[in-house]
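The next block holds one structure in the form of structure tokens; read it before the comments.
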Amino acid sequence: MQVYSIDAGLFKLDGGAMFGVVPKTLWQKSIEANENNLCTFSMRCMLVVEGERIILIDTGMGDKQSDKFFRHYEPNGKNLFDSLHEKGFKKEDITDVILTHLHFDHCGGAVNKEMVPSFPNATYWVSKEHWEWAIHPNAREKASFLKENLLPLQENGVLKFIEEKNQRTTNFSQHIDILFTNGHTRSMMLPIIRYKGHTIVYMADLIPTAAHIPLPYIMAYDMFPMTTLKEKETFLNEAVTNNYMLFFEHDANNEICNVYKTEKGFTKGDFYTLYTL
């Protein structure tokens, strides 16, 4: 079994939106903002080679949107497919794509400019409950669910569903379980990967960066922030007890860390990369 970090580039988001009620005087100690209050975040995917299955987790925002769209987010840096190639893989090699949720910065690369699936031999896995949520979006979240990222998967017959079934976790493969969370958006999936004696959790948008580990640091983007608060507390207690390694999708500087609990609450521990584990 091999696990790789796959760089799908960088982009910018408003710092206030990313940290919610936490004041800038606090969050800017961890993440720098420019003159427009924009902060740089990563789109860090993961590749898991498990026997004959080559599993990609999330795909970044892709390159098929308009220049006007991209001006809002200033994407830059590496390309998903170039990063895969650097690790020795082609798009045709991918057998499975797990989409943690269907916001554009997590699934945009799943469909290419020709409006067909980017990975021609892959099955795309989405939470069934989240799919229904995404194709019938509420007004607040609608701008994050783009039809061109979603419908081609269904139209080309490559979409399969993972059902929550009132379970907190479900098994996906020999070394991967799925943890469901419902604060950021309905039925987001966090892959839990067992690798080299470690338990690595792909954090998606429950804890997008190491700066978001303290409980009050919750994004304004979250649909149900009080649910996020409860989910974070439950998860972080488990992470401390079981020494989980948190793999950050959006932290531009830090790939992995564990978590400590002090008298003041939860805090980031030691930093790692997949290479150093």
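Lettering and numbering for the structure tokens are positional, with chains as A, B, ... in the shown order, residues counted from 1 in each chain, and ligands counted from 1 in the shown order.
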
Test item: residues at most 12 Å from His212 in chain A, only C-alpha atoms, excluding those fewer than 3 positions along its chain, as a PDB file with N, CA and C atoms, in the first residue's frame:
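Once everything was written out, this is out.pdb:
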```
ATOM      1  N   GLY A  15     -10.443  35.849   4.527  1.00  0.00           N
ATOM      2  CA  GLY A  15     -10.072  35.383   5.857  1.00  0.00           C
ATOM      3  C   GLY A  15     -11.217  35.409   6.844  1.00  0.00           C
ATOM      4  N   MET A  18     -13.382  32.454   6.318  1.00  0.00           N
ATOM      5  CA  MET A  18     -12.732  31.205   6.711  1.00  0.00           C
ATOM      6  C   MET A  18     -12.654  31.015   8.228  1.00  0.00           C
ATOM      7  N   PHE A  19     -12.765  32.107   8.984  1.00  0.00           N
ATOM      8  CA  PHE A  19     -12.628  31.981  10.435  1.00  0.00           C
ATOM      9  C   PHE A  19     -13.856  32.438  11.211  1.00  0.00           C
ATOM     10  N   GLY A  20     -14.920  32.804  10.526  1.00  0.00           N
ATOM     11  CA  GLY A  20     -16.193  33.061  11.189  1.00  0.00           C
ATOM     12  C   GLY A  20     -16.118  34.147  12.244  1.00  0.00           C
ATOM     13  N   VAL A  22     -14.257  34.387  14.820  1.00  0.00           N
ATOM     14  CA  VAL A  22     -12.939  34.661  15.411  1.00  0.00           C
ATOM     15  C   VAL A  22     -12.378  35.939  14.803  1.00  0.00           C
ATOM     16  N   LEU A  26      -6.707  37.597  15.985  1.00  0.00           N
ATOM     17  CA  LEU A  26      -6.300  36.265  16.445  1.00  0.00           C
ATOM     18  C   LEU A  26      -5.885  35.360  15.291  1.00  0.00           C
ATOM     19  N   TRP A  27      -6.751  35.240  14.248  1.00  0.00           N
ATOM     20  CA  TRP A  27      -6.431  34.263  13.209  1.00  0.00           C
ATOM     21  C   TRP A  27      -5.255  34.671  12.344  1.00  0.00           C
ATOM     22  N   GLN A  28      -4.981  35.971  12.234  1.00  0.00           N
ATOM     23  CA  GLN A  28      -3.870  36.381  11.373  1.00  0.00           C
ATOM     24  C   GLN A  28      -2.508  36.023  11.969  1.00  0.00           C
ATOM     25  N   SER A  30      -1.806  33.058  12.565  1.00  0.00           N
ATOM     26  CA  SER A  30      -1.526  31.762  11.947  1.00  0.00           C
ATOM     27  C   SER A  30      -1.496  31.821  10.431  1.00  0.00           C
ATOM     28  N   ILE A  31      -2.354  32.656   9.845  1.00  0.00           N
ATOM     29  CA  ILE A  31      -2.469  32.730   8.389  1.00  0.00           C
ATOM     30  C   ILE A  31      -2.497  34.190   7.966  1.00  0.00           C
ATOM     31  N   MET A 203      -9.116  15.591   6.320  1.00  0.00           N
ATOM     32  CA  MET A 203     -10.012  16.445   7.082  1.00  0.00           C
ATOM     33  C   MET A 203     -11.016  17.234   6.245  1.00  0.00           C
ATOM     34  N   ALA A 204     -10.806  17.313   4.915  1.00  0.00           N
ATOM     35  CA  ALA A 204     -11.735  18.086   4.073  1.00  0.00           C
ATOM     36  C   ALA A 204     -12.030  19.422   4.749  1.00  0.00           C
ATOM     37  N   ASP A 205     -13.314  19.754   4.977  1.00  0.00           N
ATOM     38  CA  ASP A 205     -13.650  21.065   5.538  1.00  0.00           C
ATOM     39  C   ASP A 205     -14.179  21.010   6.961  1.00  0.00           C
ATOM     40  N   LEU A 206     -13.998  19.867   7.653  1.00  0.00           N
ATOM     41  CA  LEU A 206     -14.309  19.890   9.084  1.00  0.00           C
ATOM     42  C   LEU A 206     -13.257  20.711   9.817  1.00  0.00           C
ATOM     43  N   ILE A 207     -11.981  20.432   9.532  1.00  0.00           N
ATOM     44  CA  ILE A 207     -10.866  21.216  10.061  1.00  0.00           C
ATOM     45  C   ILE A 207      -9.945  21.468   8.871  1.00  0.00           C
ATOM     46  N   PRO A 208     -10.181  22.540   8.117  1.00  0.00           N
ATOM     47  CA  PRO A 208      -9.475  22.727   6.839  1.00  0.00           C
ATOM     48  C   PRO A 208      -7.991  23.028   6.970  1.00  0.00           C
ATOM     49  N   THR A 209      -7.572  23.637   8.075  1.00  0.00           N
ATOM     50  CA  THR A 209      -6.160  23.938   8.293  1.00  0.00           C
ATOM     51  C   THR A 209      -5.827  23.688   9.758  1.00  0.00           C
ATOM     52  N   LEU A 215     -11.656  24.868  19.020  1.00  0.00           N
ATOM     53  CA  LEU A 215     -13.086  24.657  18.793  1.00  0.00           C
ATOM     54  C   LEU A 215     -13.824  25.865  18.212  1.00  0.00           C
ATOM     55  N   PRO A 216     -13.578  27.098  18.669  1.00  0.00           N
ATOM     56  CA  PRO A 216     -14.377  28.214  18.127  1.00  0.00           C
ATOM     57  C   PRO A 216     -14.033  28.591  16.685  1.00  0.00           C
ATOM     58  N   TYR A 217     -12.931  28.070  16.158  1.00  0.00           N
ATOM     59  CA  TYR A 217     -12.484  28.448  14.815  1.00  0.00           C
ATOM     60  C   TYR A 217     -13.284  27.652  13.788  1.00  0.00           C
ATOM     61  N   ILE A 218     -14.441  28.186  13.451  1.00  0.00           N
ATOM     62  CA  ILE A 218     -15.390  27.520  12.554  1.00  0.00           C
ATOM     63  C   ILE A 218     -15.711  28.466  11.400  1.00  0.00           C
ATOM     64  N   MET A 219     -15.693  27.952  10.192  1.00  0.00           N
ATOM     65  CA  MET A 219     -15.896  28.786   9.006  1.00  0.00           C
ATOM     66  C   MET A 219     -17.314  29.358   8.937  1.00  0.00           C
ATOM     67  N   THR A 228     -21.139  21.641  13.549  1.00  0.00           N
ATOM     68  CA  THR A 228     -19.680  21.565  13.381  1.00  0.00           C
ATOM     69  C   THR A 228     -18.979  21.581  14.730  1.00  0.00           C
ATOM     70  N   LEU A 229     -19.422  22.457  15.628  1.00  0.00           N
ATOM     71  CA  LEU A 229     -18.793  22.555  16.948  1.00  0.00           C
ATOM     72  C   LEU A 229     -18.842  21.218  17.683  1.00  0.00           C
ATOM     73  N   LYS A 232     -16.592  18.635  15.820  1.00  0.00           N
ATOM     74  CA  LYS A 232     -15.172  18.886  16.076  1.00  0.00           C
ATOM     75  C   LYS A 232     -14.767  18.383  17.455  1.00  0.00           C
ATOM     76  N   LEU A 236     -12.031  15.566  17.884  1.00  0.00           N
ATOM     77  CA  LEU A 236     -10.737  15.922  18.456  1.00  0.00           C
ATOM     78  C   LEU A 236     -10.440  15.134  19.730  1.00  0.00           C
ATOM     79  N   LEU A 246      -3.940  14.231  11.360  1.00  0.00           N
ATOM     80  CA  LEU A 246      -4.889  15.038  10.600  1.00  0.00           C
ATOM     81  C   LEU A 246      -4.215  15.516   9.315  1.00  0.00           C
ATOM     82  N   PHE A 248      -4.435  17.846   6.171  1.00  0.00           N
ATOM     83  CA  PHE A 248      -5.160  19.080   5.872  1.00  0.00           C
ATOM     84  C   PHE A 248      -5.258  19.325   4.370  1.00  0.00           C
ATOM     85  N   GLU A 249      -6.470  19.476   3.894  1.00  0.00           N
ATOM     86  CA  GLU A 249      -6.685  19.752   2.476  1.00  0.00           C
ATOM     87  C   GLU A 249      -6.343  21.188   2.131  1.00  0.00           C
ATOM     88  N   HIS A 250      -6.602  22.128   3.032  1.00  0.00           N
ATOM     89  CA  HIS A 250      -6.507  23.545   2.689  1.00  0.00           C
ATOM     90  C   HIS A 250      -5.373  24.305   3.362  1.00  0.00           C
ATOM     91  N   ASP A 251      -4.544  23.650   4.131  1.00  0.00           N
ATOM     92  CA  ASP A 251      -3.443  24.333   4.807  1.00  0.00           C
ATOM     93  C   ASP A 251      -2.273  24.449   3.832  1.00  0.00           C
ATOM     94  N   VAL A 259      -2.755  16.049  17.465  1.00  0.00           N
ATOM     95  CA  VAL A 259      -3.455  17.038  18.281  1.00  0.00           C
ATOM     96  C   VAL A 259      -3.173  16.767  19.753  1.00  0.00           C
ATOM     97  N   PHE A 266      -7.997  22.282  22.742  1.00  0.00           N
ATOM     98  CA  PHE A 266      -7.251  21.522  21.739  1.00  0.00           C
ATOM     99  C   PHE A 266      -6.260  22.423  21.011  1.00  0.00           C
ATOM    100  N   THR A 267      -5.099  21.850  20.716  1.00  0.00           N
ATOM    101  CA  THR A 267      -4.084  22.615  20.007  1.00  0.00           C
ATOM    102  C   THR A 267      -3.298  21.695  19.079  1.00  0.00           C
ATOM    103  N   LYS A 268      -2.740  22.267  18.042  1.00  0.00           N
ATOM    104  CA  LYS A 268      -1.928  21.482  17.107  1.00  0.00           C
ATOM    105  C   LYS A 268      -0.711  20.929  17.822  1.00  0.00           C
TER     106      LYS A 268
END
```

Would you mind writing down, as a ChimeraX atom specification, each residue of range 58-246 of chain A that DSSP on the backbone assigns to alpha helix (DSSP H)?
/A:67-73,80-86,104-107,128-135,147-155,225-242

Compile the contact shell of range 145-155 of chain A as a ChimeraX atom specification: residues with an atom at most 10 Å away, counting only C-alpha atoms, same-chain residues fewer than 6 positions apart removed.
/A:61-62,64-65,101-118,123-125,131,133-138

Please write the residues from the selection above to a file, keeping N, CA and C atoms, as a compact mmCIF listing (two decimals), in the first residue's frame.
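Wrote selection25.txt, looks like this:
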```
# COMPACT_ATOMS: atom_id res chain seq x y z
N MET A 61 -10.23 22.41 -7.88
CA MET A 61 -11.30 23.12 -8.58
C MET A 61 -11.26 22.95 -10.10
N GLY A 62 -10.21 22.33 -10.64
CA GLY A 62 -10.15 22.13 -12.08
C GLY A 62 -9.85 23.42 -12.82
N LYS A 64 -11.93 24.47 -15.84
CA LYS A 64 -12.92 24.69 -16.89
C LYS A 64 -13.81 25.90 -16.65
N GLN A 65 -13.69 26.57 -15.52
CA GLN A 65 -14.54 27.72 -15.26
C GLN A 65 -14.05 28.96 -16.03
N HIS A 101 -17.09 16.08 -0.68
CA HIS A 101 -18.36 16.80 -0.88
C HIS A 101 -18.23 17.54 -2.21
N LEU A 102 -19.30 18.19 -2.63
CA LEU A 102 -19.38 18.67 -4.00
C LEU A 102 -19.25 20.18 -4.15
N HIS A 103 -18.63 20.84 -3.19
CA HIS A 103 -18.25 22.24 -3.39
C HIS A 103 -17.16 22.30 -4.46
N PHE A 104 -17.16 23.37 -5.24
CA PHE A 104 -16.34 23.42 -6.46
C PHE A 104 -14.86 23.22 -6.22
N ASP A 105 -14.34 23.64 -5.05
CA ASP A 105 -12.91 23.52 -4.81
C ASP A 105 -12.49 22.11 -4.40
N HIS A 106 -13.46 21.23 -4.29
CA HIS A 106 -13.19 19.83 -3.94
C HIS A 106 -13.49 18.88 -5.10
N CYS A 107 -14.35 19.31 -6.02
CA CYS A 107 -14.77 18.37 -7.08
C CYS A 107 -14.62 18.93 -8.49
N GLY A 108 -14.17 20.18 -8.64
CA GLY A 108 -14.11 20.79 -9.97
C GLY A 108 -13.25 20.04 -10.96
N GLY A 109 -12.18 19.41 -10.47
CA GLY A 109 -11.30 18.66 -11.35
C GLY A 109 -11.83 17.30 -11.76
N ALA A 110 -12.99 16.93 -11.24
CA ALA A 110 -13.58 15.62 -11.58
C ALA A 110 -14.11 15.58 -13.00
N VAL A 111 -14.43 16.76 -13.55
CA VAL A 111 -14.97 16.87 -14.92
C VAL A 111 -14.09 17.85 -15.68
N ASN A 112 -13.76 17.52 -16.94
CA ASN A 112 -12.84 18.38 -17.69
C ASN A 112 -13.57 19.39 -18.57
N LYS A 113 -12.82 20.11 -19.39
CA LYS A 113 -13.39 21.17 -20.22
C LYS A 113 -14.35 20.63 -21.28
N GLU A 114 -14.21 19.37 -21.62
CA GLU A 114 -15.12 18.74 -22.59
C GLU A 114 -16.40 18.25 -21.93
N MET A 115 -16.53 18.53 -20.65
CA MET A 115 -17.70 18.14 -19.85
C MET A 115 -17.88 16.64 -19.78
N VAL A 116 -16.76 15.92 -19.68
CA VAL A 116 -16.78 14.49 -19.44
C VAL A 116 -15.87 14.22 -18.24
N PRO A 117 -16.05 13.07 -17.58
CA PRO A 117 -15.21 12.77 -16.42
C PRO A 117 -13.72 12.81 -16.75
N SER A 118 -12.95 13.43 -15.89
CA SER A 118 -11.51 13.60 -16.12
C SER A 118 -10.74 12.30 -16.04
N THR A 123 -14.50 5.00 -11.11
CA THR A 123 -15.81 5.14 -10.49
C THR A 123 -15.73 6.30 -9.51
N TYR A 124 -16.72 7.18 -9.55
CA TYR A 124 -16.75 8.34 -8.67
C TYR A 124 -17.72 8.07 -7.51
N TRP A 125 -17.23 8.24 -6.30
CA TRP A 125 -18.01 7.93 -5.10
C TRP A 125 -18.41 9.20 -4.36
N TRP A 131 -25.39 14.09 -2.34
CA TRP A 131 -25.76 14.29 -3.75
C TRP A 131 -27.14 14.95 -3.85
N TRP A 133 -28.62 16.71 -1.64
CA TRP A 133 -28.46 18.07 -1.09
C TRP A 133 -27.87 19.00 -2.14
N ALA A 134 -26.89 18.50 -2.91
CA ALA A 134 -26.18 19.33 -3.87
C ALA A 134 -26.99 19.64 -5.12
N ILE A 135 -27.78 18.68 -5.59
CA ILE A 135 -28.53 18.94 -6.82
C ILE A 135 -29.85 19.66 -6.55
N HIS A 136 -30.20 19.81 -5.29
CA HIS A 136 -31.34 20.65 -4.88
C HIS A 136 -30.85 21.64 -3.83
N PRO A 137 -29.94 22.55 -4.20
CA PRO A 137 -29.24 23.37 -3.20
C PRO A 137 -30.11 24.45 -2.59
N ASN A 138 -29.75 24.82 -1.37
CA ASN A 138 -30.38 25.99 -0.75
C ASN A 138 -29.73 27.25 -1.30
```

Could you list, as a count of residues only, every residue within 12 Å of Lys12 in chain A, counting only C-alpha atoms and ignoring same-chain residues fewer than 3 positions away?
28

Test item: residues at most 10 Å from Val48 in chain A, only C-alpha atoms, excluding those fewer than 4 positions along its chain, as a PyMOL selection string
chain A and resi 1-5+53-57+94+96+175-176+193+195

Residues of the last selection are to be written out with N, CA and C atoms, as a compact mmCIF listing (two decimals), in the first residue's frame.
```txt
# COMPACT_ATOMS: atom_id res chain seq x y z
N MET A 1 0.84 -1.20 0.00
CA MET A 1 0.00 0.00 0.00
C MET A 1 0.88 1.25 0.00
N GLN A 2 0.55 2.20 -0.84
CA GLN A 2 1.24 3.50 -0.85
C GLN A 2 0.21 4.63 -0.74
N VAL A 3 0.64 5.71 -0.12
CA VAL A 3 -0.21 6.89 0.02
C VAL A 3 0.61 8.11 -0.38
N TYR A 4 0.03 8.97 -1.23
CA TYR A 4 0.73 10.14 -1.75
C TYR A 4 -0.10 11.41 -1.51
N SER A 5 0.58 12.49 -1.22
CA SER A 5 -0.03 13.81 -1.21
C SER A 5 0.02 14.37 -2.62
N ARG A 53 -6.44 -1.21 -6.81
CA ARG A 53 -7.22 0.03 -6.80
C ARG A 53 -6.29 1.23 -6.58
N ILE A 54 -6.48 2.26 -7.38
CA ILE A 54 -5.75 3.51 -7.23
C ILE A 54 -6.81 4.58 -6.97
N ILE A 55 -6.86 5.05 -5.73
CA ILE A 55 -7.98 5.84 -5.22
C ILE A 55 -7.54 7.28 -5.02
N LEU A 56 -8.18 8.21 -5.71
CA LEU A 56 -7.92 9.64 -5.55
C LEU A 56 -9.00 10.24 -4.66
N ILE A 57 -8.57 11.03 -3.68
CA ILE A 57 -9.51 11.71 -2.78
C ILE A 57 -9.51 13.19 -3.12
N ILE A 94 -6.36 5.92 -12.58
CA ILE A 94 -7.23 6.08 -11.41
C ILE A 94 -8.45 5.17 -11.55
N ASP A 96 -10.74 4.82 -8.76
CA ASP A 96 -11.80 5.33 -7.88
C ASP A 96 -11.49 6.78 -7.52
N HIS A 175 -8.43 -0.66 3.71
CA HIS A 175 -7.69 0.25 4.58
C HIS A 175 -8.37 1.61 4.75
N ILE A 176 -9.57 1.79 4.22
CA ILE A 176 -10.23 3.09 4.26
C ILE A 176 -11.64 2.95 4.83
N ILE A 193 -7.72 6.64 6.82
CA ILE A 193 -6.80 5.72 6.14
C ILE A 193 -5.85 5.11 7.15
N TYR A 195 -2.43 3.41 7.67
CA TYR A 195 -1.20 3.40 6.87
C TYR A 195 0.02 3.39 7.78
```

Tell me, which residues of range 75-144 of chain A carry DSSP strand (DSSP E or B), written as a list in words?
Asn76, Asp96, Val97, Ile98, Val111, Pro117, Thr123, Tyr124, Trp125, Val126 and Ser127 of chain A

Take the selection from the previous step and output its residues with N, CA and C atoms, as a compact mmCIF listing (two decimals), in the first residue's frame.
```txt
# COMPACT_ATOMS: atom_id res chain seq x y z
N ASN A 76 -3.59 29.32 -8.51
CA ASN A 76 -2.22 29.35 -9.01
C ASN A 76 -1.49 28.11 -8.50
N ASP A 96 -10.74 4.82 -8.76
CA ASP A 96 -11.80 5.33 -7.88
C ASP A 96 -11.49 6.78 -7.52
N VAL A 97 -12.53 7.59 -7.48
CA VAL A 97 -12.40 8.97 -6.99
C VAL A 97 -13.42 9.15 -5.88
N ILE A 98 -12.94 9.44 -4.68
CA ILE A 98 -13.81 9.77 -3.55
C ILE A 98 -13.93 11.28 -3.49
N VAL A 111 -14.43 16.76 -13.55
CA VAL A 111 -14.97 16.87 -14.92
C VAL A 111 -14.09 17.85 -15.68
N PRO A 117 -16.05 13.07 -17.58
CA PRO A 117 -15.21 12.77 -16.42
C PRO A 117 -13.72 12.81 -16.75
N THR A 123 -14.50 5.00 -11.11
CA THR A 123 -15.81 5.14 -10.49
C THR A 123 -15.73 6.30 -9.51
N TYR A 124 -16.72 7.18 -9.55
CA TYR A 124 -16.75 8.34 -8.67
C TYR A 124 -17.72 8.07 -7.51
N TRP A 125 -17.23 8.24 -6.30
CA TRP A 125 -18.01 7.93 -5.10
C TRP A 125 -18.41 9.20 -4.36
N VAL A 126 -19.72 9.31 -4.10
CA VAL A 126 -20.29 10.48 -3.43
C VAL A 126 -21.29 9.98 -2.39
N SER A 127 -21.42 10.69 -1.30
CA SER A 127 -22.48 10.39 -0.34
C SER A 127 -23.84 10.57 -1.01
```

Using only C-alpha atoms, which protein or nucleic acid residues come within 9 Å of Leu80 in chain A? Drop anything in the same chain fewer than 4 positions from it, and give the result as a PyMOL selection string.
chain A and resi 6-9+45+59-60+62+84-85+109

Now that the selection is made, can you save its residues with C-alpha atoms as a PDB file, in the first residue's frame?
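Saved result, out.pdb, follows:
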```
ATOM      1  CA  ILE A   6      -1.223  15.328  -4.503  1.00  0.00           C
ATOM      2  CA  ASP A   7      -0.979  19.079  -4.999  1.00  0.00           C
ATOM      3  CA  ALA A   8      -3.890  20.537  -7.001  1.00  0.00           C
ATOM      4  CA  GLY A   9      -2.757  24.141  -6.566  1.00  0.00           C
ATOM      5  CA  CYS A  45      -5.624  15.822  -2.549  1.00  0.00           C
ATOM      6  CA  THR A  59      -9.780  16.809  -7.233  1.00  0.00           C
ATOM      7  CA  GLY A  60      -9.333  20.549  -6.573  1.00  0.00           C
ATOM      8  CA  GLY A  62     -10.153  22.130 -12.077  1.00  0.00           C
ATOM      9  CA  LEU A  84      -0.145  12.911 -10.457  1.00  0.00           C
ATOM     10  CA  HIS A  85       2.384  12.556 -13.277  1.00  0.00           C
ATOM     11  CA  GLY A 109     -11.296  18.662 -11.350  1.00  0.00           C
TER      12      GLY A 109
END
```

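Comparing the minimum interatomic distances between Arg168 in chain A and each of A:Thr95, A:Phe180, A:Glu141, A:Ser187, counting only C-alpha atoms, we find that A:Phe180 sits nearest.
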